[in-house]
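Have a look at the structure below before the remarks.
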Amino acid sequence: MYKNKQISSFTCSKWLQWVVPILLVLSIRSFSLFPNLVETLYATSFYPYFAHIQRLLFGWLPCSLGDICYAMFIGYLLLLFGRFIAAIYNKKISRQNTKKIILQVIKVLLWLYIAFNILWGLNYERKGIEDQLKLKNTTYTTDALKDLLCDVTEQLNSTRNELGDSTYVYPSEKEIISLSYEAYQNVKAQYPFLIYHNLSVKPSLLTEMVSYAGYSGYYNPFTGEAQVNTDLPKFYMPFVTCHEMAHQLGYASESEASFVGFLAAIHSNKPLFRYSALFELFLVANSELLQRDFWSGILNLKSLHPSVKRDRRIYKEFILGRQNNVEPIIKNVYDQYLKANQQRSGINSYNELVGWVIAYKRNICKL
């Protein structure tokens with residue numbers, strides 16, 4: 001009788017190990033179908049407080065805890081993979097063992113999915129900045145694109161002129177991160193929902209790997225830390241830092257994070273931050289104009305201040321210098337990840353910054 005109870009208890013526990021995560025996954029998927037609920041109950045209620053605690057707990061650390069965890073996890077996966085290959089080579093893998101390994105992997109993936117969505121991922125399903133700013137239409141014509149570039153080119157040249165010539169001394173990486181925090185303190189005066197507490201932005205410890213993969217920065221939802229690739233040209237770092245901080249505020253979509261980062265940088269009282277934001281906007285907008293009206297795009301390039309042209313060459317050399325055979329594969333995987341998270345344009349969603357800015361100018365105010 002006692003033995004039967006033990007067997008029954010073991011069977012029940014075994015089933016619960018599957019029933020609980022599966023029910024949680026189904027609950028998360030069901031909840032995500034209601035953007036209004038996600039916005040009110042998660043994105044603007046639960047998540048901000050939890051993210052605040054994350055940054056409070058880990059923001060003071062001098063280096064990225066998330067990067068250390070990533071490195072340990074990658075090392076652990078490589079170790080498991082090595083053991084698996086060795087077992088195959090030594091013919092120690094049976095069908096039963098293989099099934100057990102597959103089930104364990106599925107179980108781990110289920111819990112990772114649950115943790116990711118509770119900690120941050122549900123922000124992909126929120127209504128977001130479009131609803132907060134009442135931006136009803138982010139589509140635009142070629143003429144609207146030309147008008148935007150006319151203003152941006154003029155401001156870009158003017159702001160670069162404020163920085164002076166090639167003798168301009170850029171702030172250190174630490175100072176840029178600190179000034180990014182100040183930029184968010186400035187923009188919250190106009191948009192209180194962009195309030196940011198407890199700075200937790202770190203230089204990436206995996207800079208070489210990140211550069212090789214073709215990324216400028218990334219956010220770790222498990223520790224709440226934002227990491228910035230310090231290999232970037234200094235004039236580009238402010239915008240990237242503000243972009244990653246936008247992810248910390250719950251703007252999961254890349255296009256929204258770019259737009260929120262742009263708003264923060266453009267509202268900064270530092271010319272370098274405004275220049276960085278305008279530089280990114282010009283790159284994206286003029287790249288699109290070159291596809292729509294090639295000669296108009298060429299004229300914009302020719303009208304750039306000599307220092308802007310030099311910065312553009314530096315940025316282009318940075319990008320070309322890090323191209324490799326692995327980067328397209330990684331970007332394709334990330335493209336599929338973004339599409340799976342309600343970003344139909346995939347990796348091209350970064351370029352949707354143009355639509356957001358045109359809608360912002362049309363509906364709210366000039367830059």
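Identifiers in the structure tokens: chain A, B, ... in order shown; residue index from 1 per chain; ligand index from 1 in order shown.
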
Open item on the list: At a cut-off of 8 Å, using only C-alpha atoms, what residues contact Val354 in chain A? Leave out same-chain residues fewer than 3 positions from it and give the result as a ChimeraX atom specification.
Closed with: /A:281,284-285,351,357-358

Writing out the chosen residues with N, CA and C atoms as a PDB file, in the first residue's frame:
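Dumped to again_3.pdb:
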```pdb
ATOM      1  N   LEU A 281      18.877  59.145 -37.977  1.00  0.00           N
ATOM      2  CA  LEU A 281      17.680  59.418 -38.768  1.00  0.00           C
ATOM      3  C   LEU A 281      18.052  59.697 -40.220  1.00  0.00           C
ATOM      4  N   VAL A 284      19.045  56.382 -42.102  1.00  0.00           N
ATOM      5  CA  VAL A 284      17.903  55.525 -42.426  1.00  0.00           C
ATOM      6  C   VAL A 284      17.020  56.164 -43.486  1.00  0.00           C
ATOM      7  N   ALA A 285      16.721  57.467 -43.307  1.00  0.00           N
ATOM      8  CA  ALA A 285      15.808  58.156 -44.226  1.00  0.00           C
ATOM      9  C   ALA A 285      16.424  58.304 -45.617  1.00  0.00           C
ATOM     10  N   ASN A 351      14.320  50.366 -39.456  1.00  0.00           N
ATOM     11  CA  ASN A 351      14.169  51.469 -40.405  1.00  0.00           C
ATOM     12  C   ASN A 351      12.828  52.180 -40.299  1.00  0.00           C
ATOM     13  N   VAL A 357       8.924  59.319 -36.928  1.00  0.00           N
ATOM     14  CA  VAL A 357       9.309  60.732 -36.829  1.00  0.00           C
ATOM     15  C   VAL A 357       8.399  61.600 -37.697  1.00  0.00           C
ATOM     16  N   ILE A 358       8.067  61.143 -38.893  1.00  0.00           N
ATOM     17  CA  ILE A 358       7.170  61.910 -39.762  1.00  0.00           C
ATOM     18  C   ILE A 358       5.795  62.046 -39.105  1.00  0.00           C
TER      19      ILE A 358
END
```

Open item on the list: Between CA of Tyr184 in chain A and CA of Asn220 in chain A, what is the distance in Å, rounded to a tenth?
Closed with: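 Between CA of Tyr184 in chain A and CA of Asn220 in chain A the gap is 19.7 Å.
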
Task: Selection: 9 Å around Leu135 in chain A, only C-alpha atoms, excl. self and same-chain fewer than 6 positions, as number ranges by chain - done: A: 129, 356, 359-360, 362-364

Open item on the list: Nearest residue to Asp67 in chain A out of A:Tyr219, A:Trp295, A:Asp311, A:Met237, using only C-alpha atoms?
Closed with: A:Tyr219

Open item on the list: I want to know what sits within 7 Å of Ser200 in chain A, based on only C-alpha atoms, with residues of the same chain fewer than 2 positions away left out; could you give that as a list of chain:residue names?
Closed with: A:Arg55, A:Gly59, A:Asn198, A:Lys202, A:Glu225, A:Ala226

Let me see the file: selected residues, N, CA and C atoms, as a CSV table (one decimal), in the first residue's frame.
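Result file out_11.csv:
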```csv
chain,number,residue,atom,x,y,z
A,55,ARG,N,16.9,46.9,-12.0
A,55,ARG,CA,17.9,47.9,-12.2
A,55,ARG,C,18.5,48.3,-10.8
A,59,GLY,N,22.1,47.3,-11.1
A,59,GLY,CA,22.6,48.5,-11.8
A,59,GLY,C,23.9,48.9,-11.2
A,198,ASN,N,17.1,54.5,-11.7
A,198,ASN,CA,18.2,53.5,-11.5
A,198,ASN,C,18.9,53.1,-12.8
A,202,LYS,N,25.6,49.1,-19.2
A,202,LYS,CA,27.0,48.7,-19.0
A,202,LYS,C,27.7,48.5,-20.4
A,225,GLU,N,19.6,44.6,-17.4
A,225,GLU,CA,20.7,45.5,-17.8
A,225,GLU,C,20.7,45.7,-19.3
A,226,ALA,N,21.1,46.9,-19.7
A,226,ALA,CA,21.3,47.2,-21.1
A,226,ALA,C,22.8,47.3,-21.4
```

TODO: Just the residues within 8 Å of Leu163 in chain A, please, counting only C-alpha atoms, with nothing from its chain fewer than 5 positions along; format it as a ChimeraX atom specification.
DONE: /A:168,271-272

- [ ] Mind giving me the straight-line distance from CA of Ser27 in chain A to CA of Lys107 in chain A in Å, one decimal?
- [x]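 Rounded to one decimal, the two atoms are 16.6 Å apart.
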
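For the pair CA of Ser172 in chain A and CA of Val201 in chain A, the interatomic distance is 13.9 Å.
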
Run DSSP on the backbone of this structure and report the residues of range 34-154 of chain A it assigns to alpha helix (DSSP H), as a compact mmCIF listing (two decimals) with C-alpha atoms, in the first residue's frame.
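Below is the file selection_28.txt, written as the result:
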```
# COMPACT_ATOMS: atom_id res chain seq x y z
CA PRO A 35 -3.24 44.48 -26.21
CA ASN A 36 -5.37 46.74 -24.00
CA LEU A 37 -4.99 44.37 -21.06
CA TYR A 47 6.59 45.66 -15.65
CA PRO A 48 7.79 49.20 -14.67
CA TYR A 49 7.96 48.27 -10.98
CA PHE A 50 9.66 44.96 -11.61
CA ALA A 51 12.17 46.52 -14.04
CA HIS A 52 12.85 49.24 -11.47
CA ILE A 53 13.74 46.55 -8.92
CA GLN A 54 15.95 44.74 -11.45
CA ARG A 55 17.95 47.89 -12.15
CA LEU A 56 18.14 48.63 -8.43
CA LEU A 57 19.52 45.15 -7.72
CA PHE A 58 22.04 44.91 -10.55
CA LEU A 65 26.05 40.33 -14.69
CA GLY A 66 23.94 39.42 -17.71
CA ASP A 67 27.03 39.05 -19.90
CA ILE A 68 28.67 36.82 -17.30
CA CYS A 69 25.53 34.66 -17.21
CA TYR A 70 25.41 34.55 -21.02
CA ALA A 71 29.07 33.48 -21.17
CA MET A 72 28.50 30.75 -18.56
CA PHE A 73 25.37 29.54 -20.36
CA ILE A 74 27.17 29.39 -23.71
CA GLY A 75 30.04 27.52 -22.05
CA TYR A 76 27.58 25.07 -20.47
CA LEU A 77 25.87 24.44 -23.82
CA LEU A 78 29.22 23.79 -25.47
CA LEU A 79 30.09 21.35 -22.67
CA LEU A 80 26.79 19.49 -23.11
CA PHE A 81 27.24 19.42 -26.86
CA GLY A 82 30.76 18.04 -26.43
CA ARG A 83 29.49 15.32 -24.10
CA PHE A 84 26.70 14.46 -26.53
CA ILE A 85 29.15 14.10 -29.44
CA ALA A 86 31.46 12.01 -27.26
CA ALA A 87 28.56 9.75 -26.26
CA ILE A 88 27.62 9.25 -29.91
CA TYR A 89 31.24 8.48 -30.79
CA ARG A 95 16.89 5.70 -28.17
CA GLN A 96 15.65 6.01 -24.59
CA ASN A 97 18.47 8.39 -23.63
CA THR A 98 17.89 10.50 -26.75
CA LYS A 99 14.18 10.78 -25.92
CA LYS A 100 15.01 11.79 -22.35
CA ILE A 101 17.43 14.49 -23.55
CA ILE A 102 14.89 15.89 -26.03
CA LEU A 103 12.17 16.04 -23.35
CA GLN A 104 14.56 17.83 -20.97
CA VAL A 105 15.44 20.39 -23.65
CA ILE A 106 11.74 21.01 -24.37
CA LYS A 107 11.06 21.47 -20.65
CA VAL A 108 13.91 23.99 -20.30
CA LEU A 109 12.68 25.89 -23.38
CA LEU A 110 9.16 26.08 -21.93
CA TRP A 111 10.42 27.62 -18.69
CA LEU A 112 12.72 30.02 -20.58
CA TYR A 113 9.72 31.14 -22.65
CA ILE A 114 7.68 31.69 -19.47
CA ALA A 115 10.46 33.62 -17.72
CA PHE A 116 11.23 35.73 -20.81
CA ASN A 117 7.62 36.80 -21.27
CA ILE A 118 6.93 37.54 -17.61
CA LEU A 119 10.16 39.50 -17.21
CA ILE A 129 4.20 54.65 -27.97
CA GLU A 130 1.70 54.86 -30.83
CA ASP A 131 -1.16 54.86 -28.34
CA GLN A 132 0.64 57.02 -25.76
CA THR A 142 8.12 60.28 -51.07
CA ASP A 143 7.42 64.02 -50.83
CA ALA A 144 7.02 63.73 -47.05
CA LEU A 145 10.32 61.83 -46.92
CA LYS A 146 12.03 64.60 -48.93
CA ASP A 147 10.59 67.28 -46.64
CA LEU A 148 11.84 65.43 -43.59
CA LEU A 149 15.32 65.06 -45.07
CA CYS A 150 15.42 68.72 -45.96
CA ASP A 151 14.92 69.62 -42.28
CA VAL A 152 17.14 66.82 -40.95
CA THR A 153 20.06 67.63 -43.25
CA GLU A 154 19.99 71.28 -42.22
```

Task: Near-Phe279 in chain A list (9 Å; only C-alpha atoms; drop same-chain fewer than 4 positions) as number ranges by chain - done: A: 152-153, 156, 235-236, 239, 274-275, 283-284, 308, 312

Would you export the selected residues with C-alpha atoms as an mmCIF file, in the first residue's frame, please?
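So the final result, stored in selection-v2.cif, reads:
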```cif
data_model
loop_
_atom_site.group_PDB
_atom_site.id
_atom_site.type_symbol
_atom_site.label_atom_id
_atom_site.label_comp_id
_atom_site.auth_asym_id
_atom_site.auth_seq_id
_atom_site.Cartn_x
_atom_site.Cartn_y
_atom_site.Cartn_z
ATOM 1 C CA VAL A 152 17.135 66.823 -40.948
ATOM 2 C CA THR A 153 20.059 67.630 -43.253
ATOM 3 C CA LEU A 156 22.445 67.703 -38.861
ATOM 4 C CA PHE A 235 29.346 59.941 -32.222
ATOM 5 C CA TYR A 236 26.979 56.971 -32.690
ATOM 6 C CA PHE A 239 21.718 57.158 -29.886
ATOM 7 C CA ARG A 274 21.129 65.634 -30.863
ATOM 8 C CA TYR A 275 23.744 65.035 -33.542
ATOM 9 C CA LEU A 283 21.198 57.398 -42.500
ATOM 10 C CA VAL A 284 17.903 55.525 -42.426
ATOM 11 C CA VAL A 308 29.360 64.841 -41.308
ATOM 12 C CA ARG A 312 29.670 58.885 -42.378
#
```

TODO: Fewer than 2 positions away in the same chain doesn't count, so skip those; otherwise give me all residues within 9 Å of Lys234 in chain A, counting only C-alpha atoms, as a list in words.
DONE: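 So, after excluding close chain neighbours, the residues are Tyr170, Pro171, Ser172, Glu173, Ile176, Thr230, Asp231, Leu232, Tyr236, Met237 and Pro238 of chain A.
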